[in-house]
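Enquirer: See start.txt below, with compact mmCIF, C-alpha atoms.
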```txt
# COMPACT_ATOMS: atom_id res chain seq x y z
CA THR A 1 -25.64 -12.94 25.34
CA GLU A 2 -26.90 -9.37 25.52
CA TRP A 3 -26.49 -6.53 28.00
CA ASN A 4 -26.22 -2.79 28.35
CA TRP A 5 -22.80 -1.12 28.66
CA PRO A 6 -23.62 2.62 28.79
CA ASP A 7 -21.17 5.23 27.50
CA ARG A 8 -18.99 2.71 25.67
CA GLU A 9 -18.23 2.27 21.97
CA ALA A 10 -15.81 0.43 19.65
CA LEU A 11 -16.34 -2.88 21.44
CA GLU A 12 -13.93 -5.74 20.88
CA ILE A 13 -13.99 -9.25 22.34
CA PHE A 14 -10.79 -11.29 22.59
CA LYS A 15 -9.35 -14.14 24.65
CA PHE A 16 -6.22 -14.03 26.79
CA ASN A 17 -5.01 -16.87 29.06
CA SER A 18 -8.37 -18.70 29.01
CA LYS A 19 -10.34 -15.56 29.94
CA TYR A 20 -12.70 -13.66 27.68
CA TYR A 21 -12.24 -9.91 27.52
CA ILE A 22 -14.39 -7.15 26.14
CA ALA A 23 -12.69 -3.79 25.67
CA ALA A 24 -14.19 -0.46 24.69
CA SER A 25 -13.59 3.25 24.33
CA GLY A 26 -15.45 5.72 26.47
CA THR A 27 -17.73 8.06 24.53
CA ALA A 28 -16.26 11.54 24.13
CA GLY A 29 -17.27 12.78 20.70
CA TRP A 30 -14.13 12.96 18.58
CA ARG A 31 -11.85 13.53 21.60
CA ASP A 32 -9.52 11.01 23.24
CA SER A 33 -11.12 8.88 25.93
CA ARG A 34 -10.21 6.30 28.54
CA THR A 35 -10.15 2.62 27.56
CA TRP A 36 -12.18 0.14 29.61
CA PHE A 37 -12.38 -3.65 29.81
CA ARG A 38 -14.18 -6.51 31.48
CA ARG A 39 -13.00 -10.11 31.83
CA ALA A 40 -14.74 -13.37 32.65
CA SER A 41 -14.39 -17.14 32.27
CA THR A 42 -17.35 -17.24 29.85
CA LEU A 43 -18.79 -14.90 27.26
CA GLU A 44 -22.01 -14.75 29.27
CA GLY A 45 -20.00 -13.74 32.34
CA LEU A 46 -18.89 -10.52 30.64
CA SER A 47 -22.38 -9.08 31.17
CA SER A 48 -21.92 -8.95 34.95
CA ALA A 49 -18.12 -8.55 35.13
CA THR A 50 -16.58 -5.50 36.77
CA ASP A 51 -15.53 -2.52 34.64
CA GLU A 52 -11.77 -1.95 34.82
CA GLU A 53 -9.61 0.69 33.18
CA VAL A 54 -6.74 -0.27 30.89
CA VAL A 55 -3.51 1.01 32.47
CA MET A 56 -1.59 3.50 30.33
CA HIS A 57 2.12 4.36 30.68
CA PRO A 58 2.51 7.31 31.05
CA ALA A 59 -0.71 7.45 33.04
CA ASN A 60 -3.88 9.05 31.74
CA ASN A 61 -4.34 12.66 32.80
CA LYS A 62 -6.73 15.53 32.07
CA GLN A 63 -4.92 16.34 28.82
CA ILE A 64 -4.05 12.91 27.42
CA LYS A 65 -6.16 9.76 27.68
CA SER A 66 -5.38 6.43 26.01
CA MET A 67 -2.28 7.87 24.33
CA GLY A 68 -4.39 10.69 22.90
CA THR A 69 -6.70 8.28 21.09
CA GLN A 70 -9.99 6.46 21.13
CA PHE A 71 -9.50 2.71 21.55
CA ARG A 72 -10.03 0.52 18.49
CA PHE A 73 -8.63 -2.96 19.25
CA PHE A 74 -6.03 -5.20 20.87
CA MET A 75 -4.13 -7.53 18.55
CA LYS A 76 -1.93 -10.52 19.30
CA VAL A 77 1.09 -10.36 16.99
CA GLY A 78 3.14 -13.24 18.42
CA GLN A 79 3.73 -15.33 21.50
CA GLY A 80 3.47 -12.87 24.41
CA LYS A 81 3.26 -9.93 21.98
CA TRP A 82 0.15 -7.75 21.95
CA LEU A 83 -0.53 -4.32 20.47
CA PHE A 84 -3.02 -1.60 21.41
CA ALA A 85 -4.58 0.32 18.52
CA GLY A 86 -6.25 3.70 18.84
CA SER A 87 -7.56 6.33 16.45
CA ARG A 88 -7.22 10.10 16.33
CA HIS A 89 -9.46 12.46 14.39
CA PRO A 90 -7.54 15.53 13.19
CA ASP A 91 -9.91 16.18 10.27
CA GLU A 92 -13.07 15.90 12.35
CA ASP A 93 -11.74 17.65 15.48
CA PRO A 94 -8.63 19.75 14.71
CA LEU A 95 -8.85 21.61 18.03
CA ASN A 96 -8.16 18.36 19.90
CA PHE A 97 -5.93 16.46 17.45
CA ASP A 98 -2.91 17.85 15.63
CA SER A 99 -2.58 16.14 12.23
CA LYS A 100 1.23 16.05 12.52
CA TYR A 101 0.84 13.19 15.05
CA GLY A 102 -1.17 11.03 12.62
CA ARG A 103 -4.53 9.32 12.74
CA ASN A 104 -3.54 5.94 14.22
CA VAL A 105 -1.50 4.72 17.17
CA MET A 106 -0.06 1.27 17.79
CA ALA A 107 1.61 0.68 21.15
CA PRO A 108 2.99 -2.42 22.92
CA VAL A 109 0.90 -4.15 25.60
CA ASN A 110 1.91 -6.30 28.57
CA PHE A 111 -0.74 -8.13 30.60
CA LYS A 112 0.03 -7.96 34.35
CA ALA A 113 -2.17 -10.20 36.48
CA GLY A 114 -4.59 -10.17 33.55
CA VAL A 115 -4.75 -6.37 33.30
CA PRO A 116 -3.63 -4.83 29.99
CA HIS A 117 -0.85 -2.24 30.41
CA VAL A 118 -0.13 -0.08 27.33
CA TYR A 119 3.32 1.51 26.88
CA TRP A 120 3.70 4.69 24.81
CA LYS A 121 6.65 4.48 22.39
CA TYR A 122 7.37 7.09 19.74
CA GLN A 123 9.08 4.34 17.79
CA PHE A 124 9.53 0.63 18.40
CA ASN A 125 10.03 -2.55 16.43
CA TRP A 126 7.09 -4.80 17.27
CA GLN A 127 9.13 -7.90 16.44
CA THR A 128 12.13 -7.14 18.69
CA TYR A 129 10.60 -4.97 21.46
CA ASP A 130 10.79 -6.58 24.93
CA TYR A 131 7.08 -6.62 25.86
CA SER A 132 7.89 -7.40 29.51
CA SER A 133 10.35 -4.49 29.85
CA ASN A 134 7.82 -1.88 31.09
CA ASP A 135 9.77 0.62 28.94
CA PHE A 136 7.84 3.69 27.74
CA ASP A 137 8.42 7.24 26.52
CA ALA A 138 7.08 10.45 28.05
CA HIS A 139 4.55 12.59 26.20
CA TYR A 140 6.58 15.56 24.94
CA HIS A 141 3.95 17.32 22.88
CA GLY A 142 1.54 19.04 25.23
CA GLY A 143 -2.00 17.83 25.72
CA ASN A 144 -5.48 17.92 24.30
CA GLY A 145 -5.09 14.67 22.42
CA HIS A 146 -1.66 15.52 21.03
CA ALA A 147 -2.44 19.12 20.10
CA GLY A 148 -1.10 22.31 21.68
CA THR A 149 -2.11 23.50 25.12
CA CYS A 150 -3.88 26.81 25.63
CA SER A 151 -1.07 28.15 27.79
CA SER A 152 1.56 27.79 25.06
CA TYR A 153 -0.52 28.17 21.90
CA HIS A 154 -3.13 30.51 20.55
CA CYS A 155 -6.07 29.44 18.46
CA THR A 156 -6.27 30.70 14.93
CA LEU A 157 -9.82 30.05 13.81
CA CYS A 158 -11.75 30.80 10.69
CA TYR A 159 -15.03 30.39 12.53
CA ASP A 160 -16.40 29.58 15.97
CA LEU A 161 -14.01 31.78 17.93
CA ASN A 162 -16.05 31.14 21.08
CA THR A 163 -14.80 27.53 21.22
CA CYS A 164 -11.24 28.69 21.72
CA ARG A 165 -12.10 31.60 24.00
CA ASP A 166 -14.23 29.31 26.21
CA ALA A 167 -11.29 26.91 26.51
CA GLY A 168 -9.17 29.72 27.95
CA CYS A 169 -6.92 30.20 24.92
CA ASN A 170 -5.57 33.48 23.67
CA TRP A 171 -7.03 33.79 20.21
CA LYS A 172 -6.90 35.88 17.13
CA GLN A 173 -9.04 35.87 14.04
CA ASN A 174 -7.67 34.43 10.84
CA LEU A 175 -9.21 35.99 7.74
CA CYS A 176 -9.27 32.62 5.99
CA SER A 177 -8.61 33.88 2.52
CA SER A 178 -8.91 30.43 0.98
CA SER A 179 -12.38 29.42 2.12
CA PRO A 180 -15.02 30.51 4.63
CA THR A 181 -15.52 26.87 5.63
CA LYS A 182 -11.86 26.17 6.39
CA GLN A 183 -11.41 24.06 9.50
CA PRO A 184 -10.03 25.55 12.73
CA THR A 185 -6.35 24.99 13.50
CA ILE A 186 -4.01 25.32 16.45
CA SER A 187 -0.92 27.34 15.64
CA PRO A 188 2.14 28.23 17.75
```
Could you render the structure from this file as structure tokens?

Expert:
Amino acid sequence: TEWNWPDREALEIFKFNSKYYIAASGTAGWRDSRTWFRRASTLEGLSSATDEEVVMHPANNKQIKSMGTQFRFFMKVGQGKWLFAGSRHPDEDPLNFDSKYGRNVMAPVNFKAGVPHVYWKYQFNWQTYDYSSNDFDAHYHGGNGHAGTCSSYHCTLCYDLNTCRDAGCNWKQNLCSSSPTKQPTISP
């Protein structure tokens, strides 16, 4: 089957409880984006199914979407055990991703009435975690895809100072002694 699904990327098809699902990331350049899905009784039915948003815990907000990632896939790892996988891009977009939080996220998933709910955990054991517990951790690290916020950080950039200034940050110029092409960074 074939159809148009505008503004979506990283498509994945999987089956859960006799329904077919297609999940995808929204398009947002290198930034974090909301995760969407459709479900139907047949593969062909996915073309006309309703778009629904994957539910994140804590909830998506202006600063953090899909746990600060772009969706990559859902994976069944055992009976009633599913994981969400998302990617971050600190090398490609250091203003929106702090490398100290890593490039990849895996988080537990619980399907409620067929809707995937993803639970942020800084650490968890995928084998022993209670996937029906609804237990999740708060985001303690600011926003902008797990980088600093403009109100508490200043941008130290080697180039493109307007990007930071336009975002409302206080900024200062870094002389970048090592290389004129050094990537921008967020610093406390």

Enquirer: Give me, please, the distance in Å between CA of Arg88 in chain A and CA of Asp32 in chain A, quoted to one decimal.

Expert: 7.3 Å

Enquirer: Just the residues within 10 Å of Ala40 in chain A, please, counting only C-alpha atoms, with nothing from its chain fewer than 5 positions along; format it as a list in words.

Expert: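 My list of contacting residues is Lys15, Ser18, Lys19, Tyr20, Tyr21, Ile22, Gly45, Leu46, Ser47, Ser48, Ala49 and Thr50 of chain A.
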
Enquirer: Just to be explicit: take each residue in the selection above, keep C-alpha atoms, and write the result as an mmCIF file, keeping the file's coordinate frame.

Expert:
```cif
data_model
loop_
_atom_site.group_PDB
_atom_site.id
_atom_site.type_symbol
_atom_site.label_atom_id
_atom_site.label_comp_id
_atom_site.auth_asym_id
_atom_site.auth_seq_id
_atom_site.Cartn_x
_atom_site.Cartn_y
_atom_site.Cartn_z
ATOM 1 C CA LYS A 15 -9.350 -14.140 24.650
ATOM 2 C CA SER A 18 -8.370 -18.700 29.010
ATOM 3 C CA LYS A 19 -10.340 -15.560 29.940
ATOM 4 C CA TYR A 20 -12.700 -13.660 27.680
ATOM 5 C CA TYR A 21 -12.240 -9.910 27.520
ATOM 6 C CA ILE A 22 -14.390 -7.150 26.140
ATOM 7 C CA GLY A 45 -20.000 -13.740 32.340
ATOM 8 C CA LEU A 46 -18.890 -10.520 30.640
ATOM 9 C CA SER A 47 -22.380 -9.080 31.170
ATOM 10 C CA SER A 48 -21.920 -8.950 34.950
ATOM 11 C CA ALA A 49 -18.120 -8.550 35.130
ATOM 12 C CA THR A 50 -16.580 -5.500 36.770
#
```

Enquirer: Rounded to one decimal, what separation in Å do you get between CA of Ser133 in chain A and CA of Lys62 in chain A?

Expert: 26.4 Å

Enquirer: Choose the residue, out of A:Arg72, A:Pro58, A:Leu43, A:Met106, that has the smallest atom-to-atom separation from Glu9 in chain A; count only C-alpha atoms.

Expert: A:Arg72

Enquirer: Using all atoms listed in the file, which of A:Trp120, A:Met56, A:Trp30, A:Gln79 sits nearest Asp91 in chain A?

Expert: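 Residue with the minimum atom-to-atom distance to Asp91 in chain A: A:Trp30.
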
Enquirer: Neighbours of range 1-5 of chain A within 7 Å (only C-alpha atoms; same-chain residues fewer than 2 positions away dropped), as a ChimeraX atom specification?

Expert: /A:7-8,44,47

Enquirer: Please produce an output containing C-alpha atoms for each residue in the selection, written as an mmCIF file, in the frame of the given file.

Expert:
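Saved as again.cif:
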```cif
data_model
loop_
_atom_site.group_PDB
_atom_site.id
_atom_site.type_symbol
_atom_site.label_atom_id
_atom_site.label_comp_id
_atom_site.auth_asym_id
_atom_site.auth_seq_id
_atom_site.Cartn_x
_atom_site.Cartn_y
_atom_site.Cartn_z
ATOM 1 C CA ASP A 7 -21.170 5.230 27.500
ATOM 2 C CA ARG A 8 -18.990 2.710 25.670
ATOM 3 C CA GLU A 44 -22.010 -14.750 29.270
ATOM 4 C CA SER A 47 -22.380 -9.080 31.170
#
```

Enquirer: Could you state the separation of CA of Glu92 in chain A and CA of Val109 in chain A in Å, given to one decimal place?

Expert: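 Interatomic distance here is 27.8 Å.
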
Enquirer: Would you mind telling me which residue in A:Phe14, A:Trp36, A:Trp82, A:Phe71 lies nearest to Tyr129 in chain A when using only C-alpha atoms?

Expert: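 Under the stated criterion, the closest residue is A:Trp82.
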
Enquirer: Calculated over only C-alpha atoms, which of the candidates A:Lys121, A:Pro90, A:Val115, A:Gly68 has the smallest distance to Ala23 in chain A?

Expert: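 When distances to Ala23 in chain A are compared using only C-alpha atoms, the smallest one comes from A:Val115.
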
Enquirer: For Ser87 in chain A, which residue among A:Asn17, A:Asn110, A:Thr35, A:Ser41 is the nearest when counting only C-alpha atoms?

Expert: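 Looking at the shortest contact to Ser87 in chain A, the residue is A:Thr35.
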
Enquirer: Using all atoms of range 11-29 of chain A that appear in the file, construct an axis-aligned enclosing box with 6 Å of padding on every side and provide its centre coordinates and edge lengths in Å, rounded to one decimal, as AutoDock Vina command-line options.

Expert:
```
--center_x -11.4 --center_y -3.0 --center_z 25.3 --size_x 24.7 --size_y 43.5 --size_z 21.2
```
